[in-house]
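This is protein_15.txt. It holds compact mmCIF, C-alpha atoms.
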```
# COMPACT_ATOMS: atom_id res chain seq x y z
CA MET A 114 10.86 -84.42 36.76
CA LYS A 115 8.53 -85.00 33.83
CA ASN A 116 7.31 -82.01 31.85
CA PRO A 117 4.15 -80.91 33.69
CA ILE A 118 2.69 -79.08 30.67
CA SER A 119 0.02 -80.98 28.74
CA GLU A 120 0.48 -81.93 25.10
CA ARG A 121 -2.55 -79.76 24.30
CA VAL A 122 -0.90 -76.64 25.69
CA ARG A 123 2.50 -77.47 24.18
CA LYS A 124 0.90 -77.25 20.73
CA VAL A 125 -0.21 -73.67 21.39
CA LYS A 126 1.89 -70.58 20.68
CA PRO A 127 1.76 -67.47 22.87
CA SER A 128 -0.14 -64.56 21.33
CA ALA A 129 2.27 -62.72 19.04
CA THR A 130 0.41 -59.43 19.32
CA ILE A 131 0.52 -59.52 23.11
CA ALA A 132 4.19 -60.51 23.05
CA ILE A 133 5.17 -57.60 20.78
CA SER A 134 3.02 -55.12 22.72
CA SER A 135 4.58 -56.31 25.99
CA LYS A 136 8.08 -55.84 24.58
CA ALA A 137 7.19 -52.31 23.49
CA MET A 138 5.92 -51.52 26.99
CA GLU A 139 9.08 -52.96 28.56
CA MET A 140 11.27 -50.82 26.30
CA ARG A 141 9.24 -47.73 27.16
CA SER A 142 9.63 -48.52 30.87
CA ALA A 143 13.38 -48.64 30.27
CA GLY A 144 13.25 -45.16 28.77
CA VAL A 145 13.28 -46.12 25.08
CA ASP A 146 11.07 -43.97 22.85
CA VAL A 147 9.09 -46.75 21.16
CA ILE A 148 6.10 -46.13 18.93
CA SER A 149 3.79 -49.11 19.16
CA MET A 150 1.85 -49.97 16.04
CA SER A 151 1.30 -53.51 17.27
CA ALA A 152 -1.65 -53.33 19.65
CA GLY A 153 -5.22 -53.64 18.44
CA GLU A 154 -6.42 -51.07 20.94
CA PRO A 155 -8.07 -47.71 20.29
CA ASP A 156 -6.08 -44.75 21.53
CA PHE A 157 -9.33 -42.94 22.38
CA ASP A 158 -10.76 -42.95 25.89
CA THR A 159 -14.05 -44.65 26.72
CA PRO A 160 -16.89 -42.10 26.23
CA GLU A 161 -17.88 -40.28 29.43
CA TYR A 162 -21.51 -41.43 29.42
CA ILE A 163 -20.32 -45.04 29.55
CA LYS A 164 -17.94 -44.35 32.44
CA ASP A 165 -20.70 -42.48 34.24
CA ALA A 166 -22.95 -45.55 33.96
CA ALA A 167 -20.21 -47.68 35.54
CA LYS A 168 -19.76 -45.20 38.40
CA MET A 169 -23.49 -45.18 39.00
CA ALA A 170 -23.55 -48.97 39.07
CA MET A 171 -20.80 -49.05 41.68
CA ASP A 172 -22.46 -46.36 43.80
CA SER A 173 -25.76 -48.25 43.72
CA GLY A 174 -24.12 -51.46 44.98
CA MET A 175 -24.17 -53.35 41.70
CA THR A 176 -21.10 -55.29 42.76
CA LYS A 177 -22.41 -58.84 43.12
CA TYR A 178 -22.51 -61.89 40.87
CA THR A 179 -24.85 -61.69 37.93
CA GLN A 180 -26.47 -64.40 35.84
CA VAL A 181 -23.76 -66.49 34.14
CA ASP A 182 -24.98 -65.53 30.67
CA GLY A 183 -25.34 -61.82 31.40
CA LEU A 184 -27.65 -59.27 32.97
CA PRO A 185 -31.18 -59.37 31.51
CA ASP A 186 -30.99 -55.67 30.64
CA LEU A 187 -27.73 -56.19 28.78
CA LYS A 188 -29.08 -59.20 26.92
CA GLN A 189 -32.07 -57.10 25.88
CA ALA A 190 -29.78 -54.31 24.68
CA ILE A 191 -27.89 -56.90 22.61
CA ILE A 192 -31.14 -58.28 21.21
CA ASN A 193 -32.14 -54.75 20.23
CA LYS A 194 -28.76 -54.10 18.63
CA PHE A 195 -28.91 -57.27 16.53
CA SER A 196 -32.46 -56.44 15.44
CA GLU A 197 -31.85 -52.79 14.60
CA ASP A 198 -28.42 -53.06 13.01
CA ASN A 199 -28.40 -56.55 11.49
CA ASP A 200 -32.03 -57.63 11.07
CA LEU A 201 -31.30 -60.66 13.27
CA ILE A 202 -34.04 -61.66 15.70
CA TYR A 203 -33.03 -63.39 18.92
CA ASP A 204 -34.62 -64.32 22.24
CA PRO A 205 -32.76 -64.15 25.57
CA GLU A 206 -31.85 -67.86 25.40
CA ASN A 207 -29.99 -67.11 22.16
CA ILE A 208 -27.64 -64.58 23.79
CA LEU A 209 -24.44 -65.04 25.82
CA VAL A 210 -22.35 -62.28 27.42
CA SER A 211 -18.70 -63.15 28.11
CA THR A 212 -15.47 -61.62 29.34
CA GLY A 213 -14.51 -60.33 25.90
CA ALA A 214 -15.17 -61.77 22.45
CA LYS A 215 -12.04 -63.91 22.85
CA GLN A 216 -13.78 -65.81 25.62
CA THR A 217 -16.92 -65.98 23.49
CA LEU A 218 -14.92 -67.73 20.78
CA TYR A 219 -13.15 -69.98 23.28
CA ASN A 220 -16.50 -71.00 24.79
CA LEU A 221 -17.82 -71.80 21.32
CA PHE A 222 -14.87 -73.96 20.37
CA GLN A 223 -14.98 -75.86 23.65
CA ALA A 224 -18.73 -76.33 23.35
CA ILE A 225 -18.95 -77.75 19.82
CA LEU A 226 -15.49 -79.04 18.82
CA GLY A 227 -13.63 -82.21 19.63
CA PRO A 228 -11.12 -84.76 18.30
CA GLY A 229 -11.55 -85.38 14.59
CA ASP A 230 -13.35 -82.10 13.91
CA GLU A 231 -11.95 -79.60 11.41
CA VAL A 232 -12.38 -75.84 11.37
CA ILE A 233 -11.91 -73.75 8.23
CA ILE A 234 -9.97 -70.55 8.87
CA ILE A 235 -9.23 -67.94 6.21
CA SER A 236 -5.67 -66.59 6.19
CA PRO A 237 -4.58 -63.95 7.07
CA TYR A 238 -6.45 -64.68 10.30
CA TRP A 239 -6.65 -63.24 13.78
CA VAL A 240 -3.74 -64.81 15.65
CA SER A 241 -5.78 -66.72 18.25
CA TYR A 242 -8.15 -68.69 16.00
CA PRO A 243 -5.92 -71.69 15.19
CA ASP A 244 -4.55 -72.09 18.68
CA MET A 245 -7.97 -71.91 20.32
CA VAL A 246 -9.18 -74.53 17.86
CA GLN A 247 -6.29 -76.77 18.86
CA LEU A 248 -7.09 -76.25 22.54
CA ALA A 249 -10.46 -77.82 21.72
CA ASP A 250 -8.60 -80.84 20.22
CA ALA A 251 -9.80 -79.97 16.71
CA ARG A 252 -7.75 -79.28 13.60
CA PRO A 253 -7.51 -75.88 11.89
CA VAL A 254 -7.70 -76.02 8.09
CA ILE A 255 -6.23 -72.88 6.56
CA ILE A 256 -7.33 -71.34 3.25
CA ASP A 257 -4.83 -68.74 2.11
CA THR A 258 -5.73 -65.44 0.46
CA PHE A 259 -3.28 -63.06 -1.15
CA GLN A 260 -2.75 -59.35 -1.55
CA GLU A 261 -2.54 -59.54 -5.34
CA ASN A 262 -6.21 -60.59 -5.27
CA ASP A 263 -7.13 -58.05 -2.57
CA PHE A 264 -7.29 -60.94 -0.09
CA ALA A 265 -10.43 -62.26 -1.80
CA LEU A 266 -11.51 -65.77 -0.86
CA ASP A 267 -11.10 -68.40 -3.58
CA ILE A 268 -14.55 -69.97 -3.48
CA SER A 269 -13.35 -73.11 -5.26
CA ALA A 270 -10.65 -73.61 -2.63
CA PHE A 271 -13.26 -73.05 0.07
CA ALA A 272 -15.58 -75.66 -1.44
CA ASP A 273 -12.71 -78.15 -1.77
CA ALA A 274 -11.72 -77.71 1.88
CA ILE A 275 -15.08 -78.86 3.22
CA ASN A 276 -15.46 -82.56 4.03
CA ASP A 277 -17.28 -84.83 6.46
CA LYS A 278 -14.97 -83.70 9.29
CA THR A 279 -15.71 -79.99 8.84
CA LYS A 280 -17.61 -78.68 11.85
CA LEU A 281 -17.11 -74.92 11.72
CA VAL A 282 -16.14 -72.04 9.44
CA ILE A 283 -14.72 -68.84 10.97
CA ILE A 284 -15.26 -65.50 9.21
CA ASN A 285 -13.83 -62.18 10.40
CA SER A 286 -15.09 -58.97 8.74
CA PRO A 287 -13.78 -56.27 8.73
CA SER A 288 -10.61 -58.30 9.00
CA ASN A 289 -7.89 -58.23 11.57
CA PRO A 290 -5.20 -57.96 10.11
CA THR A 291 -6.05 -56.79 6.57
CA GLY A 292 -8.94 -54.36 7.07
CA ILE A 293 -10.76 -56.08 4.18
CA THR A 294 -14.55 -56.50 4.52
CA PHE A 295 -16.75 -59.25 3.07
CA SER A 296 -19.57 -58.04 0.84
CA ARG A 297 -23.10 -59.40 0.55
CA ALA A 298 -22.04 -61.15 -2.67
CA ASP A 299 -19.05 -62.75 -0.89
CA TYR A 300 -21.30 -64.11 1.83
CA GLU A 301 -23.90 -65.34 -0.63
CA SER A 302 -21.20 -67.33 -2.46
CA ILE A 303 -20.07 -68.91 0.82
CA GLY A 304 -23.67 -69.56 1.85
CA ALA A 305 -24.52 -71.27 -1.43
CA ILE A 306 -21.77 -73.83 -0.78
CA LEU A 307 -22.73 -74.34 2.86
CA GLN A 308 -26.32 -75.12 1.83
CA ASN A 309 -24.96 -78.49 0.72
CA HIS A 310 -23.28 -79.14 4.08
CA PRO A 311 -26.03 -79.00 6.73
CA ASP A 312 -23.79 -80.03 9.64
CA VAL A 313 -21.33 -77.14 9.27
CA TYR A 314 -21.68 -74.14 11.59
CA VAL A 315 -20.47 -70.59 10.91
CA ALA A 316 -18.86 -68.27 13.46
CA THR A 317 -18.76 -64.70 12.22
CA ASP A 318 -16.49 -62.34 14.14
CA ASP A 319 -18.00 -58.87 13.61
CA MET A 320 -15.92 -57.09 16.24
CA TYR A 321 -15.06 -54.19 13.92
CA GLU A 322 -18.59 -53.76 12.53
CA TYR A 323 -18.85 -50.05 13.32
CA ILE A 324 -15.26 -49.24 12.31
CA TYR A 325 -16.11 -49.38 8.62
CA TRP A 326 -16.18 -47.03 5.62
CA GLY A 327 -16.90 -49.25 2.62
CA ASP A 328 -19.07 -48.19 -0.29
CA GLU A 329 -21.90 -50.59 0.52
CA PRO A 330 -23.49 -50.93 3.97
CA PHE A 331 -21.89 -53.36 6.40
CA ILE A 332 -23.65 -56.71 6.43
CA SER A 333 -23.33 -59.67 8.77
CA PHE A 334 -23.23 -63.24 7.47
CA ALA A 335 -26.60 -64.39 8.85
CA GLN A 336 -28.18 -61.22 7.48
CA ALA A 337 -26.88 -62.02 3.98
CA CYS A 338 -27.68 -65.74 4.28
CA PRO A 339 -30.90 -65.98 6.33
CA SER A 340 -31.36 -69.65 5.47
CA LEU A 341 -28.21 -70.34 7.54
CA PHE A 342 -29.34 -68.28 10.54
CA ASP A 343 -29.97 -71.39 12.65
CA ARG A 344 -26.35 -72.51 12.36
CA THR A 345 -24.62 -69.14 12.57
CA ILE A 346 -23.06 -67.75 15.74
CA THR A 347 -22.73 -63.97 15.37
CA ILE A 348 -19.99 -62.61 17.65
CA ASN A 349 -19.40 -59.01 18.61
CA GLY A 350 -18.40 -56.84 21.57
CA VAL A 351 -17.87 -53.31 22.82
CA SER A 352 -14.06 -53.34 23.00
CA LYS A 353 -13.07 -51.79 19.69
CA SER A 354 -15.99 -49.60 18.59
CA TYR A 355 -16.58 -48.01 22.00
CA ALA A 356 -12.88 -47.90 23.05
CA MET A 357 -13.63 -50.31 25.90
CA THR A 358 -10.86 -52.90 25.54
CA GLY A 359 -10.13 -53.07 29.25
CA TRP A 360 -13.77 -53.48 30.22
CA ARG A 361 -13.78 -56.99 28.68
CA ILE A 362 -17.30 -57.47 27.34
CA GLY A 363 -18.04 -59.67 24.35
CA TYR A 364 -21.32 -61.22 23.29
CA CYS A 365 -22.92 -63.41 20.70
CA GLY A 366 -26.24 -64.56 19.29
CA GLY A 367 -26.81 -68.08 18.08
CA PRO A 368 -28.83 -71.31 18.24
CA SER A 369 -30.12 -71.96 21.74
CA ASP A 370 -28.50 -75.40 22.01
CA VAL A 371 -25.08 -74.03 21.07
CA ILE A 372 -25.50 -71.03 23.39
CA GLY A 373 -26.53 -73.42 26.16
CA GLY A 374 -23.32 -75.40 25.68
CA MET A 375 -21.25 -72.23 25.69
CA LYS A 376 -22.98 -71.09 28.88
CA LYS A 377 -22.10 -74.40 30.50
CA VAL A 378 -18.42 -73.95 29.59
CA GLN A 379 -18.46 -70.41 30.94
CA SER A 380 -20.17 -71.50 34.16
CA GLN A 381 -17.22 -73.77 34.88
CA SER A 382 -14.55 -71.20 34.00
CA THR A 383 -15.15 -67.50 34.63
CA SER A 384 -18.87 -67.44 35.43
CA ASN A 385 -20.33 -64.01 34.71
CA ALA A 386 -18.52 -61.08 33.15
CA SER A 387 -17.85 -58.13 35.47
CA SER A 388 -21.09 -56.64 36.76
CA ILE A 389 -19.71 -53.10 36.46
CA SER A 390 -18.54 -53.69 32.90
CA GLN A 391 -21.94 -55.08 32.01
CA ALA A 392 -23.59 -51.91 33.30
CA ALA A 393 -21.21 -49.88 31.16
CA ALA A 394 -21.99 -52.05 28.12
CA ILE A 395 -25.73 -51.43 28.58
CA ALA A 396 -25.08 -47.70 28.41
CA ALA A 397 -22.86 -48.16 25.37
CA LEU A 398 -25.33 -50.23 23.36
CA ASN A 399 -28.33 -48.11 24.32
CA GLY A 400 -26.55 -44.80 23.85
CA SER A 401 -25.66 -42.53 20.96
CA LYS A 402 -23.16 -43.62 18.33
CA ASP A 403 -21.98 -40.06 17.70
CA GLU A 404 -18.65 -40.63 19.43
CA ILE A 405 -18.12 -43.83 17.44
CA TYR A 406 -18.61 -41.90 14.21
CA SER A 407 -16.09 -39.30 15.37
CA MET A 408 -13.52 -41.99 16.10
CA VAL A 409 -14.15 -43.71 12.77
CA GLU A 410 -13.62 -40.42 10.97
CA GLN A 411 -10.17 -40.20 12.56
CA TYR A 412 -9.38 -43.83 11.74
CA LYS A 413 -10.23 -43.20 8.09
CA LEU A 414 -7.92 -40.17 7.95
CA ARG A 415 -5.12 -42.21 9.51
CA HIS A 416 -5.79 -45.11 7.16
CA ASP A 417 -5.58 -42.92 4.08
CA TYR A 418 -2.32 -41.29 5.17
CA LEU A 419 -0.66 -44.54 6.26
CA CYS A 420 -1.67 -46.51 3.18
CA THR A 421 -0.11 -43.90 0.89
CA ALA A 422 2.96 -43.45 3.10
CA LEU A 423 3.69 -47.19 3.29
CA ASN A 424 3.42 -47.58 -0.46
CA ASP A 425 6.03 -44.81 -0.78
CA ILE A 426 8.56 -46.93 1.13
CA ASP A 427 10.71 -48.96 -1.23
CA GLY A 428 9.70 -52.64 -1.04
CA PHE A 429 6.34 -52.10 0.67
CA LYS A 430 3.10 -52.95 -1.11
CA THR A 431 -0.11 -52.15 0.73
CA THR A 432 -3.75 -52.80 -0.13
CA PRO A 433 -6.22 -50.26 1.32
CA GLY A 434 -8.79 -51.53 3.78
CA THR A 435 -12.42 -50.67 4.35
CA GLY A 436 -12.54 -51.13 8.11
CA ALA A 437 -10.87 -52.04 11.41
CA PHE A 438 -7.64 -50.11 12.11
CA TYR A 439 -4.89 -52.18 10.51
CA LEU A 440 -2.87 -52.30 7.33
CA PHE A 441 -1.05 -55.43 6.21
CA PRO A 442 1.71 -54.58 3.73
CA ASP A 443 3.61 -57.18 1.73
CA VAL A 444 7.28 -56.70 2.66
CA LYS A 445 8.83 -59.68 0.89
CA ASN A 446 10.89 -57.38 -1.34
CA VAL A 447 12.31 -55.63 1.73
CA ILE A 448 13.18 -58.96 3.32
CA VAL A 449 15.09 -60.08 0.23
CA LYS A 450 16.74 -56.73 -0.51
CA LYS A 451 17.94 -56.15 3.06
CA GLY A 452 18.90 -59.76 3.74
CA PHE A 453 16.44 -60.53 6.51
CA SER A 454 15.59 -64.20 6.96
CA ASP A 455 11.85 -63.55 7.28
CA ASP A 456 9.16 -61.17 8.51
CA VAL A 457 9.94 -62.07 12.12
CA GLU A 458 13.53 -60.88 11.80
CA LEU A 459 12.36 -57.73 10.01
CA SER A 460 9.89 -57.00 12.83
CA GLN A 461 12.64 -57.49 15.42
CA TYR A 462 14.87 -55.12 13.46
CA LEU A 463 12.17 -52.44 13.32
CA ILE A 464 11.53 -52.46 17.06
CA GLU A 465 15.25 -52.51 17.93
CA LYS A 466 16.64 -50.15 15.27
CA ALA A 467 13.66 -47.95 14.33
CA ASN A 468 11.94 -48.18 17.72
CA VAL A 469 8.67 -49.03 15.99
CA ALA A 470 6.71 -52.09 17.09
CA VAL A 471 4.87 -54.03 14.37
CA VAL A 472 3.63 -57.63 14.26
CA PRO A 473 5.09 -60.16 11.81
CA GLY A 474 2.64 -61.52 9.27
CA SER A 475 3.64 -65.09 10.15
CA ALA A 476 1.57 -64.72 13.31
CA PHE A 477 -1.49 -64.25 11.09
CA GLY A 478 -0.67 -67.15 8.81
CA SER A 479 0.92 -64.95 6.13
CA PRO A 480 4.74 -64.94 6.07
CA GLY A 481 6.25 -62.01 4.24
CA TYR A 482 3.84 -59.41 5.60
CA ILE A 483 3.71 -57.19 8.68
CA ARG A 484 0.70 -55.72 10.47
CA LEU A 485 0.60 -52.09 11.52
CA SER A 486 -2.15 -50.72 13.74
CA TYR A 487 -3.11 -47.10 13.16
CA ALA A 488 -5.02 -46.87 16.42
CA THR A 489 -2.65 -44.12 17.46
CA SER A 490 -2.33 -40.42 16.68
CA LEU A 491 -1.57 -39.18 13.18
CA GLU A 492 1.48 -37.40 14.58
CA LEU A 493 2.91 -40.69 15.88
CA ILE A 494 1.98 -42.50 12.68
CA LYS A 495 3.95 -39.96 10.63
CA GLU A 496 6.94 -40.30 12.95
CA ALA A 497 6.72 -44.12 12.78
CA VAL A 498 6.74 -44.05 8.98
CA ASN A 499 9.78 -41.77 8.99
CA ARG A 500 11.61 -44.08 11.38
CA ILE A 501 10.79 -47.19 9.34
CA SER A 502 11.82 -45.53 6.08
CA ASN A 503 15.06 -44.13 7.51
CA SER A 504 16.01 -47.45 9.12
CA LEU A 505 15.71 -49.24 5.78
CA ASP A 506 17.60 -46.66 3.66
```
What does this structure look like when you write it as structure tokens?
Amino acid sequence: MKNPISERVRKVKPSATIAISSKAMEMRSAGVDVISMSAGEPDFDTPEYIKDAAKMAMDSGMTKYTQVDGLPDLKQAIINKFSEDNDLIYDPENILVSTGAKQTLYNLFQAILGPGDEVIIISPYWVSYPDMVQLADARPVIIDTFQENDFALDISAFADAINDKTKLVIINSPSNPTGITFSRADYESIGAILQNHPDVYVATDDMYEYIYWGDEPFISFAQACPSLFDRTITINGVSKSYAMTGWRIGYCGGPSDVIGGMKKVQSQSTSNASSISQAAAIAALNGSKDEIYSMVEQYKLRHDYLCTALNDIDGFKTTPGTGAFYLFPDVKNVIVKKGFSDDVELSQYLIEKANVAVVPGSAFGSPGYIRLSYATSLELIKEAVNRISNSLD
């Protein structure tokens, strides 16, 4: 029998983060004491006022289909959020609610990309960007950044990567996996180049906007480059900041024609996001951010401890972040010293010998690194560091 899997799907790799997290869960189910530092999922529970809104929605019979692009009240809450937090002004036709920001991105790629198109992606990147681009029959073009330069984007390399085939640039800030955040000046440098390329769109993944502690205020790309507002798709969601990963609500604001195309894609795939989750997201966006600030305070404490502790391990070199909940140490010296073939083999060793799950940097386009999530308790983080250090002695 011929291989039934399409060439398009054969080009795509399974999500490395999901694969590692699944292995950690399997080992736990088998009775192995594994500490997972692989999943990008807050260890905090969803705030009670958000869960109460979902219960109320269920009790009131809000269990039917909704508009494909989202409940009007949720779209208004998103419009208000963009206006108040980012100085971005949208109308309802500029907003799309999806089943997680991953679907938002997938809808975007399917809506605007096709054969011959190129998409600029900055490495280290979130694992799904290149594969989702390929699923849209476009070609990812990777621009590497490096720890020795604090993962700063080489603007000359960025300018050189743009050509007549370039359709989209993807920006993620604060970054998964590095925790590095773009500044206003960074965005203005990118925007100055894109002024000369009027057919290039920008997708800015702001999922970790609230999980941030940099010296200057967080800024979104379209806010820093208002002249590019009409070709910027600003993507966000409630998963990370509100500890609502399982609720699966992402959203975006963008040009009405692009949003219309994304809505069409969504109408032929999932249709609307869960009605109950949308009700919860309304409460989240309209509610107090006090619990977010409390969570961020804990993330910052964990970040500071882990960054110092990793740098104390022989062969690890870690750059501090300013947001998200990841660190991305360079472990090339460990790989060479201990005779591992690469970061994948090192990651396998750590989960099997140290019982600590991490994600190899190769999955993020950066061989020789590993990603550790500190979205877990400080107690477990300290134990994980001890296990890693002892396993490599």
Revision key, fill the gap. Closest of A:Ile284, A:Met175, A:Leu493, A:Leu414 to A:Asp146, counting only C-alpha atoms, is A:Leu493
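Remark: for A:Met357, the closest of the candidate residues A:Ser384, A:Ser502, A:Ser390, A:Asn207 is A:Ser390 (distances computed over all atoms listed in the file).
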Exercise for review: Give the answer as one residue: which of A:Leu398, A:Asp506, A:Tyr482, A:Lys124 has the shortest atom-to-atom distance to A:Ser352, using all atoms listed in the file?
Suggested key: A:Leu398
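If you look at atom CA of A:Asn349 and atom CA of A:Val232, they are 19.6 Å away from each other.
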Exercise for review: Give the answer as one residue: which of A:Lys466, A:Lys450, A:Lys115, A:Arg252 has the shortest atom-to-atom distance to A:Gly229, using all atoms listed in the file?
Suggested key: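 Closest residue, counting all atoms listed in the file: A:Arg252.
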Practice item. For each of A:Gly292, A:Ala470, A:Pro228, A:Arg121, take the minimum atom-to-atom distance to A:Lys413, counting all atoms listed in the file, then give the residue where this is smallest. Key: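 The closest residue to A:Lys413 is A:Gly292.
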**Study point:** Given all atoms listed in the file as the counted atoms, nearest of A:Val498, A:Ala298, A:Ala394, A:Met245 to A:Ser211
**Key:**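 Smallest separation from A:Ser211 among the options: A:Ala394.
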Which residues of stretch 341-444 of chain A come within 9 Å of stretch 163-174 of chain A, and for each one, what is the closest pair of atoms and their distance in Å to one decimal, counting all atoms listed in the file, sorted by chain and residue number, as a Markdown table?
```
| residue | atom | partner | partner_atom | distance |
| --- | --- | --- | --- | --- |
| A:Tyr355 | CA | A:Ile163 | CA | 8.9 |
| A:Ser388 | CA | A:Ala170 | CA | 8.4 |
| A:Ile389 | CA | A:Ala167 | CA | 5.5 |
| A:Ser390 | CA | A:Ala167 | CA | 6.8 |
| A:Gln391 | CA | A:Ala167 | CA | 8.4 |
| A:Ala392 | CA | A:Ala167 | CA | 5.9 |
| A:Ala393 | CA | A:Ala167 | CA | 5.0 |
| A:Ala394 | CA | A:Ile163 | CA | 7.3 |
| A:Ile395 | CA | A:Ile163 | CA | 8.4 |
| A:Ala396 | CA | A:Ile163 | CA | 5.6 |
| A:Ala397 | CA | A:Ile163 | CA | 5.8 |
| A:Gly400 | CA | A:Ile163 | CA | 8.4 |
```
Check your understanding: So what do you get for atom CA of A:Val351 versus atom CA of A:Asp158, distance-wise?
Key ->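 Value for the atom CA of A:Val351-atom CA of A:Asp158 distance: 12.9 Å.
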**Study point:** Contacts of stretch 435-442 of chain A within 10 Å, all atoms listed in the file, excl. fewer than 3 positions in-chain, as a PyMOL selection string
**Key:** chain A and resi 150-155+237+260+286-295+320-328+331+353-354+409+412-413+415-416+419-420+423-424+428-432+445+472-474+479+481-489
Revision key, fill the gap. The distance between atom CA of A:Thr217 and atom CA of A:Asp257 is 24.7 Å
Practice item. Just the residues within 9 Å of A:Ile303, please, counting all atoms listed in the file, with nothing from its chain fewer than 6 positions along; format it as a list in words. Key: Ile268, Phe271, Ala272 and Cys338 of chain A
Exercise for review: Considering all atoms listed in the file, return as an NGL selection string whatever protein or nucleic-acid residues lie within 6 Å of A:Ile235, sequence-local ones (same chain, fewer than 2 positions apart) excluded.
Suggested key: :A and (238 or 255-256)
